[in-house]
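Right, one structure below, let's go through it.
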Amino acid sequence: MRENPFSWELFSKVPIVGIVRNLAFDDFKNILPQFYDAGLTTIEITMNTAQAGEMIKYAVDNYSTSMNIGAGTVCSENDLDKALDAGARFIVTPIINEKVILNCVDKKISIFPGAFTPSEIYRAWSMGASMIKIFPATTVG
């Protein structure tokens, strides 16, 4: 088990995931306290954001006791390794990558894979996903 796993208690206080995408690191450092002050308890930093690893590490170093800090847009095992090395407490994927999901389940990392069809949702859940992200949800309405 990880030292600081995803906190379902924090998430249940405000069951919303704030997403950080394409922000400069300095902007992120200025906005993160505002996320906290607004009551958000779960923040996802997308791995396709420049300096995502540094942002995750900064957030974990400064807010890990009061917020869940995770990585999104994790599409490969390489992305997963970078996110976990930075200290991510949960992982969000836009796709079903079996190796990423099973690796997270094995390491007891909360994993929220993106799925769209009932078959994809069932497949991700059957592999042990903690929660499923219906993606892309805008298509459903």
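Residues in the structure tokens are numbered from 1 in each chain, the chains being A, B, ... in the order shown, and ligands are numbered from 1 in the order shown.
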
Using only C-alpha atoms, determine which residues lie at most 9 Å from A:Gly18, disregarding the query and same-chain residues fewer than 4 positions distant; provide the list as a short mmCIF file (atom, residue, chain, number, x, y, z; two decimals) with N, CA, C and O atoms, in the first residue's frame.
```
data_model
loop_
_atom_site.label_atom_id
_atom_site.label_comp_id
_atom_site.auth_asym_id
_atom_site.auth_seq_id
_atom_site.Cartn_x
_atom_site.Cartn_y
_atom_site.Cartn_z
N PHE A 35 -7.73 27.03 -5.88
CA PHE A 35 -8.49 25.77 -5.94
C PHE A 35 -8.81 25.31 -4.53
O PHE A 35 -9.92 24.93 -4.22
N LEU A 40 -12.07 22.78 -3.47
CA LEU A 40 -11.77 21.58 -4.25
C LEU A 40 -10.82 20.68 -3.46
O LEU A 40 -9.88 21.16 -2.83
N THR A 41 -11.08 19.39 -3.50
CA THR A 41 -10.26 18.44 -2.75
C THR A 41 -9.51 17.47 -3.66
O THR A 41 -8.71 16.69 -3.16
N THR A 42 -9.79 17.53 -4.96
CA THR A 42 -9.18 16.58 -5.88
C THR A 42 -8.78 17.32 -7.16
O THR A 42 -9.63 17.90 -7.83
N ILE A 43 -7.50 17.27 -7.48
CA ILE A 43 -6.95 17.98 -8.63
C ILE A 43 -6.20 16.99 -9.52
O ILE A 43 -5.38 16.20 -9.03
N GLU A 44 -6.48 17.05 -10.81
CA GLU A 44 -5.80 16.23 -11.81
C GLU A 44 -4.97 17.14 -12.70
O GLU A 44 -5.48 18.12 -13.24
N ILE A 45 -3.70 16.83 -12.84
CA ILE A 45 -2.80 17.56 -13.73
C ILE A 45 -2.52 16.66 -14.92
O ILE A 45 -2.03 15.54 -14.75
#
```

Would you pick out the contacts of stretch 116-132 of chain A at 10 Å or less, using only C-alpha atoms, so that residues sharing its chain but fewer than 5 positions from it are not included, and give the list as a short mmCIF file (atom, residue, chain, number, x, y, z; two decimals) with all heavy atoms, in the first residue's frame?
```
data_model
loop_
_atom_site.label_atom_id
_atom_site.label_comp_id
_atom_site.auth_asym_id
_atom_site.auth_seq_id
_atom_site.Cartn_x
_atom_site.Cartn_y
_atom_site.Cartn_z
N PHE A 90 -3.45 9.43 -7.74
CA PHE A 90 -4.44 8.74 -8.56
C PHE A 90 -4.12 9.02 -10.02
O PHE A 90 -3.38 9.94 -10.35
CB PHE A 90 -5.88 9.16 -8.21
CG PHE A 90 -6.23 10.58 -8.57
CD1 PHE A 90 -6.88 10.86 -9.76
CD2 PHE A 90 -5.93 11.63 -7.71
CE1 PHE A 90 -7.21 12.17 -10.09
CE2 PHE A 90 -6.27 12.93 -8.02
CZ PHE A 90 -6.91 13.21 -9.23
N ILE A 91 -4.68 8.17 -10.89
CA ILE A 91 -4.42 8.24 -12.32
C ILE A 91 -5.74 8.27 -13.07
O ILE A 91 -6.66 7.51 -12.76
CB ILE A 91 -3.59 7.00 -12.78
CG1 ILE A 91 -2.26 6.92 -12.02
CG2 ILE A 91 -3.40 6.98 -14.29
CD1 ILE A 91 -1.30 8.07 -12.26
N VAL A 92 -5.80 9.14 -14.09
CA VAL A 92 -6.96 9.22 -14.98
C VAL A 92 -6.47 8.99 -16.40
O VAL A 92 -5.45 9.57 -16.80
CB VAL A 92 -7.67 10.59 -14.88
CG1 VAL A 92 -8.88 10.63 -15.80
CG2 VAL A 92 -8.07 10.89 -13.45
N THR A 93 -7.16 8.14 -17.14
CA THR A 93 -6.80 7.89 -18.53
C THR A 93 -7.98 8.25 -19.43
O THR A 93 -9.13 8.12 -19.02
CB THR A 93 -6.44 6.41 -18.77
OG1 THR A 93 -7.62 5.62 -18.69
CG2 THR A 93 -5.42 5.90 -17.77
N PRO A 94 -7.70 8.67 -20.66
CA PRO A 94 -8.80 8.90 -21.60
C PRO A 94 -9.17 7.63 -22.37
O PRO A 94 -10.13 7.64 -23.15
CB PRO A 94 -8.22 9.97 -22.55
CG PRO A 94 -6.75 9.67 -22.56
CD PRO A 94 -6.43 9.16 -21.17
N ILE A 95 -8.41 6.58 -22.14
CA ILE A 95 -8.57 5.32 -22.87
C ILE A 95 -8.48 4.14 -21.91
O ILE A 95 -8.12 4.32 -20.75
CB ILE A 95 -7.47 5.16 -23.95
CG1 ILE A 95 -6.08 5.21 -23.27
CG2 ILE A 95 -7.60 6.24 -25.02
CD1 ILE A 95 -4.91 4.86 -24.16
N ILE A 96 -8.75 2.97 -22.44
CA ILE A 96 -8.52 1.75 -21.67
C ILE A 96 -7.20 1.16 -22.13
O ILE A 96 -7.10 0.61 -23.21
CB ILE A 96 -9.67 0.74 -21.86
CG1 ILE A 96 -10.96 1.32 -21.30
CG2 ILE A 96 -9.33 -0.58 -21.18
CD1 ILE A 96 -12.16 0.45 -21.51
N ASN A 97 -6.18 1.34 -21.31
CA ASN A 97 -4.89 0.71 -21.54
C ASN A 97 -4.75 -0.34 -20.45
O ASN A 97 -4.54 0.00 -19.27
CB ASN A 97 -3.76 1.74 -21.47
CG ASN A 97 -2.40 1.13 -21.70
OD1 ASN A 97 -2.11 0.02 -21.25
ND2 ASN A 97 -1.54 1.85 -22.41
N GLU A 98 -4.90 -1.58 -20.84
CA GLU A 98 -4.92 -2.68 -19.88
C GLU A 98 -3.68 -2.70 -19.00
O GLU A 98 -3.77 -2.90 -17.78
CB GLU A 98 -5.07 -4.01 -20.61
CG GLU A 98 -5.28 -5.18 -19.69
CD GLU A 98 -5.66 -6.44 -20.42
OE1 GLU A 98 -6.48 -6.39 -21.35
OE2 GLU A 98 -5.10 -7.50 -20.06
N ILE A 101 -3.95 0.11 -16.35
CA ILE A 101 -4.96 -0.21 -15.35
C ILE A 101 -4.45 -1.29 -14.40
O ILE A 101 -4.50 -1.13 -13.18
CB ILE A 101 -6.28 -0.65 -16.00
CG1 ILE A 101 -6.90 0.52 -16.78
CG2 ILE A 101 -7.26 -1.18 -14.95
CD1 ILE A 101 -8.08 0.13 -17.66
N LEU A 102 -3.95 -2.39 -14.95
CA LEU A 102 -3.50 -3.50 -14.11
C LEU A 102 -2.29 -3.12 -13.26
O LEU A 102 -2.17 -3.56 -12.11
CB LEU A 102 -3.22 -4.73 -14.96
CG LEU A 102 -4.45 -5.34 -15.65
CD1 LEU A 102 -4.04 -6.50 -16.55
CD2 LEU A 102 -5.49 -5.77 -14.63
N CYS A 104 -1.72 -0.12 -12.04
CA CYS A 104 -2.26 0.68 -10.93
C CYS A 104 -2.94 -0.21 -9.90
O CYS A 104 -2.73 -0.03 -8.70
CB CYS A 104 -3.25 1.72 -11.46
SG CYS A 104 -2.46 3.10 -12.32
N VAL A 105 -3.75 -1.15 -10.37
CA VAL A 105 -4.44 -2.05 -9.45
C VAL A 105 -3.41 -2.83 -8.61
O VAL A 105 -3.55 -2.94 -7.39
CB VAL A 105 -5.38 -3.01 -10.21
CG1 VAL A 105 -5.91 -4.11 -9.31
CG2 VAL A 105 -6.53 -2.22 -10.84
N ASP A 106 -2.37 -3.31 -9.27
CA ASP A 106 -1.33 -4.08 -8.58
C ASP A 106 -0.63 -3.22 -7.51
O ASP A 106 -0.31 -3.70 -6.43
CB ASP A 106 -0.31 -4.60 -9.59
CG ASP A 106 0.72 -5.50 -8.96
OD1 ASP A 106 0.34 -6.47 -8.27
OD2 ASP A 106 1.93 -5.22 -9.14
N LYS A 108 -1.96 -0.66 -6.03
CA LYS A 108 -2.98 -0.05 -5.17
C LYS A 108 -3.08 1.47 -5.36
O LYS A 108 -3.25 2.23 -4.41
CB LYS A 108 -2.76 -0.42 -3.71
CG LYS A 108 -2.87 -1.93 -3.47
CD LYS A 108 -2.84 -2.27 -2.02
CE LYS A 108 -2.92 -3.73 -1.69
NZ LYS A 108 -3.13 -4.72 -2.68
N ILE A 109 -2.97 1.88 -6.62
CA ILE A 109 -3.13 3.27 -7.02
C ILE A 109 -4.54 3.41 -7.59
O ILE A 109 -4.93 2.63 -8.47
CB ILE A 109 -2.12 3.66 -8.13
CG1 ILE A 109 -0.69 3.40 -7.69
CG2 ILE A 109 -2.33 5.11 -8.57
CD1 ILE A 109 -0.23 4.21 -6.53
N SER A 110 -5.31 4.37 -7.12
CA SER A 110 -6.65 4.57 -7.66
C SER A 110 -6.54 4.95 -9.13
O SER A 110 -5.77 5.84 -9.50
CB SER A 110 -7.38 5.68 -6.89
OG SER A 110 -7.63 5.25 -5.57
N ILE A 111 -7.30 4.25 -9.96
CA ILE A 111 -7.25 4.43 -11.40
C ILE A 111 -8.66 4.69 -11.92
O ILE A 111 -9.58 3.96 -11.59
CB ILE A 111 -6.59 3.21 -12.11
CG1 ILE A 111 -6.70 3.30 -13.63
CG2 ILE A 111 -7.17 1.89 -11.65
CD1 ILE A 111 -5.74 4.25 -14.27
N ALA A 137 -17.93 12.44 -22.47
CA ALA A 137 -19.30 12.57 -21.94
C ALA A 137 -20.14 13.53 -22.75
O ALA A 137 -21.37 13.38 -22.80
CB ALA A 137 -19.26 13.03 -20.48
N THR A 139 -20.60 13.67 -25.79
CA THR A 139 -21.27 12.95 -26.86
C THR A 139 -22.61 12.40 -26.39
O THR A 139 -23.56 12.31 -27.17
CB THR A 139 -20.39 11.78 -27.36
OG1 THR A 139 -19.10 12.32 -27.70
CG2 THR A 139 -20.98 11.10 -28.56
N VAL A 140 -22.72 12.05 -25.12
CA VAL A 140 -23.93 11.46 -24.58
C VAL A 140 -25.00 12.52 -24.33
O VAL A 140 -26.19 12.25 -24.43
CB VAL A 140 -23.63 10.70 -23.26
CG1 VAL A 140 -24.88 10.01 -22.74
CG2 VAL A 140 -22.53 9.69 -23.48
#
```

When you look at A:Ala50 with a cut-off of 12 Å (counting only C-alpha atoms), what residues show up, excluding the ones that are within fewer than 6 positions of it in the same chain? I need them as a PyMOL selection string.
chain A and resi 20-26+28+56

If you run DSSP on the backbone here, which positions in stretch 40-141 of chain A get alpha helix (DSSP H)? Please write them as a count of residues only.
41

Separation of atom CA of A:Lys133 from atom CA of A:Ala115 in Å
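Separation between atom CA of A:Ala115 and atom CA of A:Lys133: 6.2 Å.
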
As a ChimeraX atom specification, please: all residues of chain A that backbone DSSP puts in strand (DSSP E or B).
/A:18-20,42-46,68-72,90-93,110-115,133-134

Dump of N, CA, C and O atoms for the selected residues, as a CSV table (one decimal), in the first residue's frame:
```csv
chain,number,residue,atom,x,y,z
A,18,GLY,N,-11.0,18.8,-10.3
A,18,GLY,CA,-10.5,19.9,-11.0
A,18,GLY,C,-9.4,19.5,-11.9
A,18,GLY,O,-8.5,18.8,-11.5
A,19,ILE,N,-9.4,20.0,-13.2
A,19,ILE,CA,-8.4,19.5,-14.2
A,19,ILE,C,-7.5,20.7,-14.5
A,19,ILE,O,-8.0,21.8,-14.9
A,20,VAL,N,-6.2,20.5,-14.4
A,20,VAL,CA,-5.2,21.5,-14.8
A,20,VAL,C,-4.6,21.0,-16.2
A,20,VAL,O,-4.1,19.9,-16.2
A,42,THR,N,-9.8,17.5,-5.0
A,42,THR,CA,-9.2,16.6,-5.9
A,42,THR,C,-8.8,17.3,-7.2
A,42,THR,O,-9.6,17.9,-7.8
A,43,ILE,N,-7.5,17.3,-7.5
A,43,ILE,CA,-6.9,18.0,-8.6
A,43,ILE,C,-6.2,17.0,-9.5
A,43,ILE,O,-5.4,16.2,-9.0
A,44,GLU,N,-6.5,17.1,-10.8
A,44,GLU,CA,-5.8,16.2,-11.8
A,44,GLU,C,-5.0,17.1,-12.7
A,44,GLU,O,-5.5,18.1,-13.2
A,45,ILE,N,-3.7,16.8,-12.8
A,45,ILE,CA,-2.8,17.6,-13.7
A,45,ILE,C,-2.5,16.7,-14.9
A,45,ILE,O,-2.0,15.5,-14.8
A,46,THR,N,-2.9,17.1,-16.1
A,46,THR,CA,-2.7,16.3,-17.3
A,46,THR,C,-1.3,16.2,-17.7
A,46,THR,O,-0.5,17.1,-17.6
A,68,ASN,N,-6.4,15.6,-2.9
A,68,ASN,CA,-5.9,14.5,-3.7
A,68,ASN,C,-5.2,15.1,-4.9
A,68,ASN,O,-5.9,15.9,-5.7
A,69,ILE,N,-4.0,14.7,-5.2
A,69,ILE,CA,-3.2,15.2,-6.4
A,69,ILE,C,-3.0,14.0,-7.3
A,69,ILE,O,-2.4,13.0,-6.9
A,70,GLY,N,-3.4,14.2,-8.5
A,70,GLY,CA,-3.3,13.1,-9.5
A,70,GLY,C,-2.9,13.5,-10.8
A,70,GLY,O,-2.7,14.7,-11.1
A,71,ALA,N,-2.7,12.5,-11.7
A,71,ALA,CA,-2.3,12.8,-13.1
A,71,ALA,C,-3.4,12.3,-14.0
A,71,ALA,O,-4.0,11.2,-13.8
A,72,GLY,N,-3.6,13.1,-15.1
A,72,GLY,CA,-4.5,12.7,-16.1
A,72,GLY,C,-3.9,12.6,-17.5
A,72,GLY,O,-2.7,12.9,-17.6
A,90,PHE,N,-3.4,9.4,-7.7
A,90,PHE,CA,-4.4,8.7,-8.6
A,90,PHE,C,-4.1,9.0,-10.0
A,90,PHE,O,-3.4,9.9,-10.4
A,91,ILE,N,-4.7,8.2,-10.9
A,91,ILE,CA,-4.4,8.2,-12.3
A,91,ILE,C,-5.7,8.3,-13.1
A,91,ILE,O,-6.7,7.5,-12.8
A,92,VAL,N,-5.8,9.1,-14.1
A,92,VAL,CA,-7.0,9.2,-15.0
A,92,VAL,C,-6.5,9.0,-16.4
A,92,VAL,O,-5.5,9.6,-16.8
A,93,THR,N,-7.2,8.1,-17.1
A,93,THR,CA,-6.8,7.9,-18.5
A,93,THR,C,-8.0,8.2,-19.4
A,93,THR,O,-9.1,8.1,-19.0
A,110,SER,N,-5.3,4.4,-7.1
A,110,SER,CA,-6.7,4.6,-7.7
A,110,SER,C,-6.5,5.0,-9.1
A,110,SER,O,-5.8,5.8,-9.5
A,111,ILE,N,-7.3,4.2,-10.0
A,111,ILE,CA,-7.3,4.4,-11.4
A,111,ILE,C,-8.7,4.7,-11.9
A,111,ILE,O,-9.6,4.0,-11.6
A,112,PHE,N,-8.8,5.8,-12.7
A,112,PHE,CA,-10.1,6.2,-13.3
A,112,PHE,C,-9.9,6.2,-14.8
A,112,PHE,O,-9.7,7.2,-15.4
A,113,PRO,N,-10.1,5.0,-15.4
A,113,PRO,CA,-9.9,5.0,-16.9
A,113,PRO,C,-11.2,5.6,-17.6
A,113,PRO,O,-12.3,5.5,-17.1
A,114,GLY,N,-10.9,6.2,-18.8
A,114,GLY,CA,-12.0,6.7,-19.6
A,114,GLY,C,-12.6,5.5,-20.4
A,114,GLY,O,-11.8,4.7,-21.0
A,115,ALA,N,-13.9,5.5,-20.4
A,115,ALA,CA,-14.6,4.5,-21.2
A,115,ALA,C,-15.9,5.1,-21.7
A,115,ALA,O,-16.4,6.0,-21.1
A,133,LYS,N,-14.4,7.0,-15.8
A,133,LYS,CA,-14.7,8.3,-16.3
A,133,LYS,C,-15.4,8.1,-17.6
A,133,LYS,O,-14.8,7.5,-18.6
A,134,ILE,N,-16.6,8.5,-17.7
A,134,ILE,CA,-17.4,8.4,-19.0
A,134,ILE,C,-16.8,9.4,-19.9
A,134,ILE,O,-16.9,10.6,-19.7
```

Between atom CA of A:Val100 and atom CA of A:Cys75, what is the spacing in Å?
7.7 Å
